[in-house]
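Raw contents of start.pdb, PDB, C-alpha atoms:
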```
ATOM      1  CA  MET A 353      89.040 -57.100 -21.084
ATOM      2  CA  ALA A 354      91.520 -55.092 -19.032
ATOM      3  CA  LEU A 355      90.528 -51.558 -18.150
ATOM      4  CA  THR A 356      92.682 -48.693 -19.397
ATOM      5  CA  VAL A 357      93.726 -45.624 -17.422
ATOM      6  CA  ALA A 358      91.078 -43.661 -19.322
ATOM      7  CA  ASP A 359      88.439 -46.237 -18.363
ATOM      8  CA  ARG A 360      89.353 -45.946 -14.697
ATOM      9  CA  GLY A 361      89.386 -42.153 -14.894
ATOM     10  CA  ILE A 362      85.878 -42.125 -16.341
ATOM     11  CA  GLY A 363      84.841 -44.648 -13.724
ATOM     12  CA  ALA A 364      86.132 -42.367 -10.957
ATOM     13  CA  VAL A 365      84.069 -39.434 -12.208
ATOM     14  CA  ILE A 366      80.892 -41.459 -12.721
ATOM     15  CA  GLY A 367      81.404 -43.387  -9.495
ATOM     16  CA  ALA A 368      81.737 -40.187  -7.466
ATOM     17  CA  ALA A 369      78.535 -38.784  -8.979
ATOM     18  CA  VAL A 370      76.567 -41.981  -8.390
ATOM     19  CA  ALA A 371      77.841 -42.316  -4.816
ATOM     20  CA  ASP A 372      76.879 -38.726  -4.035
ATOM     21  CA  ALA A 373      73.344 -39.240  -5.330
ATOM     22  CA  ALA A 374      73.055 -42.603  -3.579
ATOM     23  CA  ALA A 375      73.918 -41.110  -0.194
ATOM     24  CA  GLN A 376      72.010 -37.830  -0.588
ATOM     25  CA  PRO A 377      68.718 -38.958   1.043
ATOM     26  CA  MET A 378      70.636 -39.769   4.248
ATOM     27  CA  HIS A 379      73.095 -36.882   4.114
ATOM     28  CA  TRP A 380      74.185 -35.200   7.363
ATOM     29  CA  ILE A 381      72.540 -37.554   9.866
ATOM     30  CA  TYR A 382      74.900 -36.968  12.775
ATOM     31  CA  ASN A 383      72.936 -38.853  15.433
ATOM     32  CA  PRO A 384      74.178 -42.494  15.470
ATOM     33  CA  ASP A 385      70.941 -43.811  16.966
ATOM     34  CA  ARG A 386      68.869 -42.062  14.317
ATOM     35  CA  LEU A 387      71.133 -43.375  11.563
ATOM     36  CA  THR A 388      70.804 -46.931  12.904
ATOM     37  CA  GLU A 389      67.035 -46.528  12.933
ATOM     38  CA  VAL A 390      66.985 -45.245   9.356
ATOM     39  CA  LEU A 391      69.218 -48.067   8.123
ATOM     40  CA  SER A 392      67.356 -50.833   9.918
ATOM     41  CA  ASP A 393      64.790 -51.384   7.162
ATOM     42  CA  LEU A 394      67.237 -50.847   4.286
ATOM     43  CA  GLU A 395      70.188 -53.092   4.995
ATOM     44  CA  PRO A 396      72.077 -54.432   3.169
ATOM     45  CA  CYS A 397      71.186 -51.899   0.432
ATOM     46  CA  PRO A 398      70.801 -48.419   1.961
ATOM     47  CA  GLU A 399      71.683 -46.521  -1.200
ATOM     48  CA  PHE A 400      69.105 -44.366  -3.027
ATOM     49  CA  ARG A 401      66.619 -44.359  -0.166
ATOM     50  CA  PRO A 402      63.234 -43.493  -1.764
ATOM     51  CA  GLN A 403      62.250 -40.930   0.885
ATOM     52  CA  SER A 404      64.758 -38.408   2.201
ATOM     53  CA  VAL A 405      65.464 -38.401   5.930
ATOM     54  CA  ASN A 406      68.040 -35.637   5.715
ATOM     55  CA  PRO A 407      67.516 -33.429   8.794
ATOM     56  CA  PHE A 408      68.681 -30.255   7.046
ATOM     57  CA  TYR A 409      67.367 -30.279   3.478
ATOM     58  CA  ARG A 410      65.260 -32.411   1.165
ATOM     59  CA  ARG A 411      65.897 -33.197  -2.500
ATOM     60  CA  LYS A 412      64.454 -35.869  -4.739
ATOM     61  CA  THR A 413      66.286 -39.194  -4.664
ATOM     62  CA  GLY A 414      68.806 -39.239  -7.500
ATOM     63  CA  GLU A 415      69.657 -35.549  -7.246
ATOM     64  CA  GLN A 416      73.068 -34.412  -6.037
ATOM     65  CA  THR A 417      74.230 -32.836  -2.793
ATOM     66  CA  CYS A 418      75.965 -29.473  -3.008
ATOM     67  CA  TYR A 419      79.209 -31.460  -3.219
ATOM     68  CA  GLY A 420      78.100 -33.468  -6.226
ATOM     69  CA  ASP A 421      76.832 -30.319  -7.917
ATOM     70  CA  GLN A 422      80.222 -28.666  -7.422
ATOM     71  CA  ALA A 423      81.889 -31.662  -9.054
ATOM     72  CA  TYR A 424      79.496 -31.331 -12.008
ATOM     73  CA  VAL A 425      80.348 -27.653 -12.456
ATOM     74  CA  LEU A 426      84.061 -28.454 -12.325
ATOM     75  CA  LEU A 427      83.652 -31.248 -14.873
ATOM     76  CA  GLU A 428      81.700 -28.935 -17.168
ATOM     77  CA  SER A 429      84.384 -26.246 -16.947
ATOM     78  CA  LEU A 430      87.161 -28.753 -17.645
ATOM     79  CA  SER A 431      85.260 -30.099 -20.632
ATOM     80  CA  GLU A 432      84.644 -26.677 -22.136
ATOM     81  CA  CYS A 433      88.067 -25.139 -21.420
ATOM     82  CA  GLY A 434      90.310 -28.198 -21.674
ATOM     83  CA  ASP A 435      92.139 -27.135 -18.517
ATOM     84  CA  VAL A 436      91.563 -25.774 -15.028
ATOM     85  CA  ASN A 437      90.495 -22.251 -15.932
ATOM     86  CA  GLU A 438      89.908 -20.385 -12.677
ATOM     87  CA  GLU A 439      88.070 -17.483 -14.285
ATOM     88  CA  ASP A 440      85.668 -19.814 -16.078
ATOM     89  CA  LEU A 441      85.189 -21.963 -12.970
ATOM     90  CA  ILE A 442      84.340 -18.888 -10.902
ATOM     91  CA  LYS A 443      81.717 -17.781 -13.421
ATOM     92  CA  ARG A 444      80.142 -21.214 -13.722
ATOM     93  CA  THR A 445      80.094 -21.791  -9.961
ATOM     94  CA  TYR A 446      78.485 -18.426  -9.332
ATOM     95  CA  LYS A 447      75.911 -19.025 -12.059
ATOM     96  CA  PHE A 448      75.042 -22.504 -10.726
ATOM     97  CA  PHE A 449      74.827 -21.626  -7.017
ATOM     98  CA  GLY A 450      74.058 -17.898  -7.105
ATOM     99  CA  ALA A 451      70.950 -15.730  -7.191
ATOM    100  CA  GLY A 452      67.912 -17.093  -8.973
ATOM    101  CA  THR A 453      69.009 -20.736  -8.763
ATOM    102  CA  VAL A 454      67.470 -23.627  -6.834
ATOM    103  CA  TYR A 455      70.073 -22.906  -4.161
ATOM    104  CA  ASP A 456      68.766 -19.368  -3.663
ATOM    105  CA  LEU A 457      66.586 -20.057  -0.607
ATOM    106  CA  PRO A 458      66.082 -17.863   2.505
ATOM    107  CA  LEU A 459      68.194 -20.007   4.823
ATOM    108  CA  ASN A 460      70.906 -20.248   2.161
ATOM    109  CA  ASP A 461      71.198 -16.469   1.763
ATOM    110  CA  PRO A 462      74.891 -15.511   2.145
ATOM    111  CA  TYR A 463      73.776 -12.223   3.696
ATOM    112  CA  ARG A 464      71.346 -13.732   6.164
ATOM    113  CA  LYS A 465      71.740 -12.280   9.661
ATOM    114  CA  LYS A 466      71.650 -14.208  12.908
ATOM    115  CA  GLU A 467      68.709 -12.166  14.133
ATOM    116  CA  ASP A 468      66.608 -13.029  11.063
ATOM    117  CA  PRO A 469      63.575 -15.276  11.688
ATOM    118  CA  LYS A 470      64.447 -18.932  12.163
ATOM    119  CA  VAL A 471      63.693 -21.335   9.353
ATOM    120  CA  THR A 472      62.119 -24.705  10.026
ATOM    121  CA  LEU A 473      64.341 -27.623   9.076
ATOM    122  CA  PRO A 474      64.577 -29.485   6.817
ATOM    123  CA  ILE A 475      64.214 -26.948   4.030
ATOM    124  CA  ASP A 476      62.605 -27.929   0.745
ATOM    125  CA  GLY A 477      65.514 -27.736  -1.662
ATOM    126  CA  PRO A 478      69.324 -28.040  -1.741
ATOM    127  CA  TRP A 479      71.711 -26.673   0.864
ATOM    128  CA  ARG A 480      74.209 -23.936   0.037
ATOM    129  CA  ASN A 481      77.014 -24.617   2.510
ATOM    130  CA  ALA A 482      79.469 -22.256   4.211
ATOM    131  CA  SER A 483      82.177 -22.233   1.557
ATOM    132  CA  LEU A 484      79.670 -21.508  -1.211
ATOM    133  CA  LYS A 485      78.135 -18.660   0.773
ATOM    134  CA  ALA A 486      81.571 -17.147   1.357
ATOM    135  CA  PHE A 487      82.463 -17.664  -2.305
ATOM    136  CA  ILE A 488      79.367 -15.742  -3.429
ATOM    137  CA  LYS A 489      80.115 -12.880  -1.041
ATOM    138  CA  ASN A 490      83.733 -12.720  -2.187
ATOM    139  CA  VAL A 491      82.722 -12.609  -5.848
ATOM    140  CA  ASP A 492      80.135  -9.911  -5.104
ATOM    141  CA  ALA A 493      82.829  -7.894  -3.334
ATOM    142  CA  GLY A 494      85.124  -8.173  -6.353
ATOM    143  CA  LYS A 495      87.862  -9.982  -4.462
ATOM    144  CA  ALA A 496      90.649 -11.604  -6.448
ATOM    145  CA  GLU A 497      90.705 -14.587  -4.081
ATOM    146  CA  THR A 498      87.177 -15.968  -4.129
ATOM    147  CA  GLY A 499      87.653 -19.001  -1.889
ATOM    148  CA  CYS A 500      86.557 -19.126   1.736
ATOM    149  CA  ALA A 501      89.606 -18.659   3.965
ATOM    150  CA  VAL A 502      88.234 -20.471   7.021
ATOM    151  CA  ASP A 503      86.154 -23.353   5.682
ATOM    152  CA  CYS A 504      87.859 -26.737   6.015
ATOM    153  CA  GLN A 505      85.065 -29.122   5.084
ATOM    154  CA  ILE A 506      85.119 -32.023   2.659
ATOM    155  CA  ASP A 507      84.112 -30.152  -0.532
ATOM    156  CA  GLY A 508      87.551 -30.462  -2.089
ATOM    157  CA  VAL A 509      87.789 -34.219  -1.681
ATOM    158  CA  THR A 510      84.280 -34.848  -2.975
ATOM    159  CA  LYS A 511      84.742 -32.879  -6.202
ATOM    160  CA  LEU A 512      88.335 -33.671  -7.171
ATOM    161  CA  ALA A 513      87.622 -36.702  -9.412
ATOM    162  CA  PRO A 514      87.335 -34.799 -12.736
ATOM    163  CA  VAL A 515      90.680 -33.032 -12.234
ATOM    164  CA  VAL A 516      92.535 -36.130 -11.054
ATOM    165  CA  ALA A 517      91.060 -38.191 -13.887
ATOM    166  CA  LYS A 518      92.297 -35.668 -16.453
ATOM    167  CA  TYR A 519      95.795 -35.172 -15.039
ATOM    168  CA  ALA A 520      96.574 -38.550 -13.444
ATOM    169  CA  GLY A 521     100.235 -39.402 -13.973
ATOM    170  CA  GLN A 522     101.169 -35.883 -15.009
ATOM    171  CA  ALA A 523     103.550 -33.712 -12.991
ATOM    172  CA  GLU A 524     101.074 -30.838 -12.726
ATOM    173  CA  MET A 525      98.220 -32.903 -11.236
ATOM    174  CA  LEU A 526      98.516 -31.537  -7.696
ATOM    175  CA  GLU A 527      98.891 -27.988  -8.961
ATOM    176  CA  LYS A 528      95.695 -28.321 -11.017
ATOM    177  CA  VAL A 529      93.763 -29.777  -8.083
ATOM    178  CA  GLU A 530      94.894 -26.954  -5.812
ATOM    179  CA  LYS A 531      93.862 -24.285  -8.317
ATOM    180  CA  ALA A 532      90.402 -25.788  -8.639
ATOM    181  CA  ILE A 533      89.888 -26.151  -4.886
ATOM    182  CA  ARG A 534      91.018 -22.648  -3.939
ATOM    183  CA  VAL A 535      88.269 -21.143  -6.077
ATOM    184  CA  THR A 536      85.806 -21.939  -3.278
ATOM    185  CA  GLN A 537      88.039 -23.023  -0.380
ATOM    186  CA  ASN A 538      91.194 -20.965   0.059
ATOM    187  CA  ASN A 539      92.234 -22.775   3.213
ATOM    188  CA  ASP A 540      95.629 -24.459   3.577
ATOM    189  CA  MET A 541      94.474 -27.415   5.657
ATOM    190  CA  CYS A 542      91.592 -28.066   3.288
ATOM    191  CA  VAL A 543      93.968 -27.963   0.328
ATOM    192  CA  ALA A 544      96.477 -30.282   2.006
ATOM    193  CA  VAL A 545      93.854 -32.934   2.783
ATOM    194  CA  THR A 546      92.447 -32.648  -0.739
ATOM    195  CA  LEU A 547      95.893 -33.127  -2.265
ATOM    196  CA  ALA A 548      96.425 -36.205  -0.116
ATOM    197  CA  ALA A 549      93.105 -37.619  -1.352
ATOM    198  CA  ALA A 550      94.063 -36.731  -4.913
ATOM    199  CA  ARG A 551      97.182 -38.882  -4.628
ATOM    200  CA  PHE A 552      95.158 -41.851  -3.445
ATOM    201  CA  LEU A 553      92.705 -41.523  -6.313
ATOM    202  CA  GLU A 554      95.465 -40.977  -8.855
ATOM    203  CA  HIS A 555      97.185 -44.121  -7.672
ATOM    204  CA  PHE A 556      94.092 -46.246  -8.274
ATOM    205  CA  ILE A 557      93.387 -44.635 -11.635
ATOM    206  CA  LEU A 558      96.926 -45.357 -12.822
ATOM    207  CA  ASN A 559      97.341 -48.822 -11.326
ATOM    208  CA  GLY A 560      93.882 -50.326 -11.103
ATOM    209  CA  SER A 561      93.961 -53.823  -9.613
ATOM    210  CA  LYS A 562      97.698 -53.459  -8.979
ATOM    211  CA  ALA A 563      97.068 -50.504  -6.689
ATOM    212  CA  THR A 564      98.095 -52.441  -3.572
ATOM    213  CA  GLU A 565     101.628 -53.027  -4.837
ATOM    214  CA  PRO A 566     104.191 -50.738  -3.149
ATOM    215  CA  SER A 567     106.127 -50.214  -6.384
ATOM    216  CA  GLY A 568     103.010 -48.868  -8.085
ATOM    217  CA  ALA A 569     102.415 -46.478  -5.211
ATOM    218  CA  GLY A 570     105.858 -44.985  -5.560
ATOM    219  CA  GLN A 571     105.479 -44.477  -9.270
ATOM    220  CA  SER A 572     102.060 -42.875  -8.865
ATOM    221  CA  CYS A 573     103.119 -40.385  -6.204
ATOM    222  CA  HIS A 574     106.274 -39.291  -7.988
ATOM    223  CA  SER A 575     104.282 -38.603 -11.132
ATOM    224  CA  SER A 576     102.378 -36.014  -9.136
ATOM    225  CA  TYR A 577     105.302 -33.872  -8.029
ATOM    226  CA  PRO A 578     105.978 -30.561  -9.749
ATOM    227  CA  PRO A 579     108.903 -30.755 -12.214
ATOM    228  CA  GLY A 580     112.282 -30.882 -10.525
ATOM    229  CA  GLU A 581     110.971 -31.291  -6.980
ATOM    230  CA  GLY A 582     110.632 -35.054  -6.516
ATOM    231  CA  LYS A 583     109.165 -34.619  -3.042
ATOM    232  CA  PRO A 584     105.902 -33.565  -1.381
ATOM    233  CA  ARG A 585     105.221 -29.836  -1.187
ATOM    234  CA  GLN A 586     106.250 -28.287   2.122
ATOM    235  CA  ASP A 587     105.519 -24.655   1.295
ATOM    236  CA  ILE A 588     102.094 -24.451   2.952
ATOM    237  CA  PRO A 589     102.965 -23.035   6.388
ATOM    238  CA  THR A 590     100.953 -25.131   8.846
ATOM    239  CA  ALA A 591     102.079 -27.969  11.081
ATOM    240  CA  ASN A 592      99.027 -30.051  10.208
ATOM    241  CA  THR A 593      99.693 -29.671   6.510
ATOM    242  CA  CYS A 594     103.293 -30.793   6.876
ATOM    243  CA  CYS A 595     102.049 -33.780   8.840
ATOM    244  CA  VAL A 596      99.626 -34.761   6.091
ATOM    245  CA  HIS A 597     102.332 -34.522   3.444
ATOM    246  CA  GLN A 598     104.807 -36.455   5.600
ATOM    247  CA  HIS A 599     102.366 -39.363   5.901
ATOM    248  CA  MET A 600     101.762 -39.270   2.149
ATOM    249  CA  ARG A 601     105.444 -39.571   1.233
ATOM    250  CA  CYS A 602     106.328 -42.506  -0.917
TER     251      CYS A 602
END
```
Could you render the structure as C-alpha cells?
Amino acid sequence: MALTVADRGIGAVIGAAVADAAAQPMHWIYNPDRLTEVLSDLEPCPEFRPQSVNPFYRRKTGEQTCYGDQAYVLLESLSECGDVNEEDLIKRTYKFFGAGTVYDLPLNDPYRKKEDPKVTLPIDGPWRNASLKAFIKNVDAGKAETGCAVDCQIDGVTKLAPVVAKYAGQAEMLEKVEKAIRVTQNNDMCVAVTLAAARFLEHFILNGSKATEPSGAGQSCHSSYPPGEGKPRQDIPTANTCCVHQHMRC
C-alpha cells in the first residue's frame, strides 16, 4: 500500500525520535580512534548500545539527547496549540529544561562561573547545552527575544521534524520553522541552515519514493515560499546565509 503524505510526516517525526535515542549512548565522541574502538564490537548494528560511552553525560539507553527532548517539547506544543505558538513553546521549554528538572545539574547551571569547582565527566544525567542555558537566562531576565544570539549548533535541524511534518507543502512552512527555532536559537546562520534542512525534509515528505525526481524538487521548494515571493528568502543579512539559500534554489 502506498504511503500518504501524512504517513511520511508521521514517519519523519517518529524516525527522528528513534534515531536520536539510538545514537544517544555514543553521542559526542569526537575522537575518531575512540569511536572506531567503540564501534568495533557493534558493527554492523551500532544503534542502541547497551552501555553509554558518551564522554560528557550518561543516560539510559532509549532516552533522548537534549536535541530529542527539544523535539518532543515542540511536538507537544504543536499538538496542544495546533500551531507554532511561541509563548506556549517558551513556557514548555522552560518547564522541561529549567529548575527542578533532570537537566538541573551543577555543570548544567546557566549561572555557573568559570572559577567554580570542576565537575568530573561524564556527568550522571542529561546535558543542558549552550543554547538552552542562554534561553533560560534570557527568560529569567524577561527578554522578549529568548533565543541564544551566538549559538549555531545543530539543535534546529534535529528538532524541526514536527513543524515540517505539519506544514509540508504549505507556503508558511519556512516561516513556522523559523519561529520555532528562534525561541532557543536566535542566530541567523543557525536559522538559515535549519531552513535548508527543512526544505530537504519537506521534499521527501511530499514526494516519498519520487523524491529524486527534479520536477518533484521544484514543486516542493516552491510550496515553501511565502505568498507572492516565489524565491528563497534573502533578507537575513549574512553572506553565509545568502550562500546557503543560493545553493537551495530550485
I'd like the residues picked by the PyMOL selection byres ((chain A and resi 404) around 9) written out as a short mmCIF file (atom, residue, chain, number, x, y, z; two decimals) with C-alpha atoms, keeping the file's coordinate frame, using the chain letters and numbers from the file.
```
data_model
loop_
_atom_site.label_atom_id
_atom_site.label_comp_id
_atom_site.auth_asym_id
_atom_site.auth_seq_id
_atom_site.Cartn_x
_atom_site.Cartn_y
_atom_site.Cartn_z
CA GLN A 376 72.01 -37.83 -0.59
CA PRO A 377 68.72 -38.96 1.04
CA MET A 378 70.64 -39.77 4.25
CA HIS A 379 73.10 -36.88 4.11
CA ARG A 401 66.62 -44.36 -0.17
CA PRO A 402 63.23 -43.49 -1.76
CA GLN A 403 62.25 -40.93 0.88
CA VAL A 405 65.46 -38.40 5.93
CA ASN A 406 68.04 -35.64 5.72
CA PRO A 407 67.52 -33.43 8.79
CA TYR A 409 67.37 -30.28 3.48
CA ARG A 410 65.26 -32.41 1.16
CA ARG A 411 65.90 -33.20 -2.50
CA LYS A 412 64.45 -35.87 -4.74
CA THR A 413 66.29 -39.19 -4.66
#
```
For this file, the PyMOL selection byres ((chain A and resi 373) around 9) selects which residues, as a PyMOL selection string? chain A and resi 368-372+374-377+399-400+413-417+420
Find the spatial neighbours of stretch 459-464 of chain A, counting all atoms listed in the file, within a cut-off of 12 Å - ignore same-chain residues fewer than 3 positions away - and output them as an MDAnalysis selection string. chainID A and resid 408:409 418 449:456 467:492
Quick one: contact table of stretch 432-495 of chain A to stretch 511-535 of chain A, 7 Å max, nearest atom pair and distance in Å to one decimal per residue, counting only C-alpha atoms, chain and number order, as a tab-separated table?
```
residue	atom	partner	partner_atom	distance
A:Val436	CA	A:Lys528	CA	6.3
A:Glu438	CA	A:Ala532	CA	6.8
A:Ile442	CA	A:Val535	CA	6.6
```
Once the PyMOL selection byres ((chain A and resi 499) around 7) has been evaluated on this model, what residues remain selected, and can you format them as a PyMOL selection string? chain A and resi 487+497-498+500-501+534-538
Please, could you write that set of residues out with C-alpha atoms as a short mmCIF file (atom, residue, chain, number, x, y, z; two decimals), keeping the file's coordinate frame?
```cif
data_model
loop_
_atom_site.label_atom_id
_atom_site.label_comp_id
_atom_site.auth_asym_id
_atom_site.auth_seq_id
_atom_site.Cartn_x
_atom_site.Cartn_y
_atom_site.Cartn_z
CA PHE A 487 82.46 -17.66 -2.31
CA GLU A 497 90.70 -14.59 -4.08
CA THR A 498 87.18 -15.97 -4.13
CA CYS A 500 86.56 -19.13 1.74
CA ALA A 501 89.61 -18.66 3.96
CA ARG A 534 91.02 -22.65 -3.94
CA VAL A 535 88.27 -21.14 -6.08
CA THR A 536 85.81 -21.94 -3.28
CA GLN A 537 88.04 -23.02 -0.38
CA ASN A 538 91.19 -20.96 0.06
#
```
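Using only C-alpha atoms, every residue with an atom at most 12 Å from the point (83.8, -26.4, -17.1) is listed here: A:Gln422, A:Ala423, A:Tyr424, A:Val425, A:Leu426, A:Leu427, A:Glu428, A:Ser429, A:Leu430, A:Ser431, A:Glu432, A:Cys433, A:Gly434, A:Asp435, A:Val436, A:Asn437, A:Glu438, A:Glu439, A:Asp440, A:Leu441, A:Ile442, A:Lys443, A:Arg444, A:Thr445, A:Lys447, A:Phe448, A:Pro514, A:Val515, A:Ala532.
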With C-alpha atoms kept, could you save the residues just selected as a short mmCIF file (atom, residue, chain, number, x, y, z; two decimals), in the frame of the given file?
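Saved file out-v5.cif follows:
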```
data_model
loop_
_atom_site.label_atom_id
_atom_site.label_comp_id
_atom_site.auth_asym_id
_atom_site.auth_seq_id
_atom_site.Cartn_x
_atom_site.Cartn_y
_atom_site.Cartn_z
CA GLN A 422 80.22 -28.67 -7.42
CA ALA A 423 81.89 -31.66 -9.05
CA TYR A 424 79.50 -31.33 -12.01
CA VAL A 425 80.35 -27.65 -12.46
CA LEU A 426 84.06 -28.45 -12.32
CA LEU A 427 83.65 -31.25 -14.87
CA GLU A 428 81.70 -28.94 -17.17
CA SER A 429 84.38 -26.25 -16.95
CA LEU A 430 87.16 -28.75 -17.64
CA SER A 431 85.26 -30.10 -20.63
CA GLU A 432 84.64 -26.68 -22.14
CA CYS A 433 88.07 -25.14 -21.42
CA GLY A 434 90.31 -28.20 -21.67
CA ASP A 435 92.14 -27.14 -18.52
CA VAL A 436 91.56 -25.77 -15.03
CA ASN A 437 90.50 -22.25 -15.93
CA GLU A 438 89.91 -20.39 -12.68
CA GLU A 439 88.07 -17.48 -14.28
CA ASP A 440 85.67 -19.81 -16.08
CA LEU A 441 85.19 -21.96 -12.97
CA ILE A 442 84.34 -18.89 -10.90
CA LYS A 443 81.72 -17.78 -13.42
CA ARG A 444 80.14 -21.21 -13.72
CA THR A 445 80.09 -21.79 -9.96
CA LYS A 447 75.91 -19.02 -12.06
CA PHE A 448 75.04 -22.50 -10.73
CA PRO A 514 87.34 -34.80 -12.74
CA VAL A 515 90.68 -33.03 -12.23
CA ALA A 532 90.40 -25.79 -8.64
#
```
Identify the residues within 9 Å of coordinate (95.7, -32.0, 1.3) (same frame as the file), considering all atoms listed in the file, and give the answer as a list in words.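 Here is the list of nearby residues: Gly508, Val509, Glu530, Asp540, Met541, Cys542, Val543, Ala544, Val545, Thr546, Leu547, Ala548, Ala549, Ala550, Thr593, Val596 and His597 of chain A.
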Got a sec: who's within 10 Å of A:Val357, counting all atoms listed in the file, leaving out chain neighbours fewer than 5 positions off, as a list in words? Ile362, Gly363, Ala517, Ala520, Gly521, Glu554, Phe556, Ile557, Leu558, Asn559 and Gly560 of chain A
One-decimal distance in Å that lies between atom CA of A:Cys397 and atom CA of A:Asp385: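 Here the two named atoms are 18.4 Å from each other.
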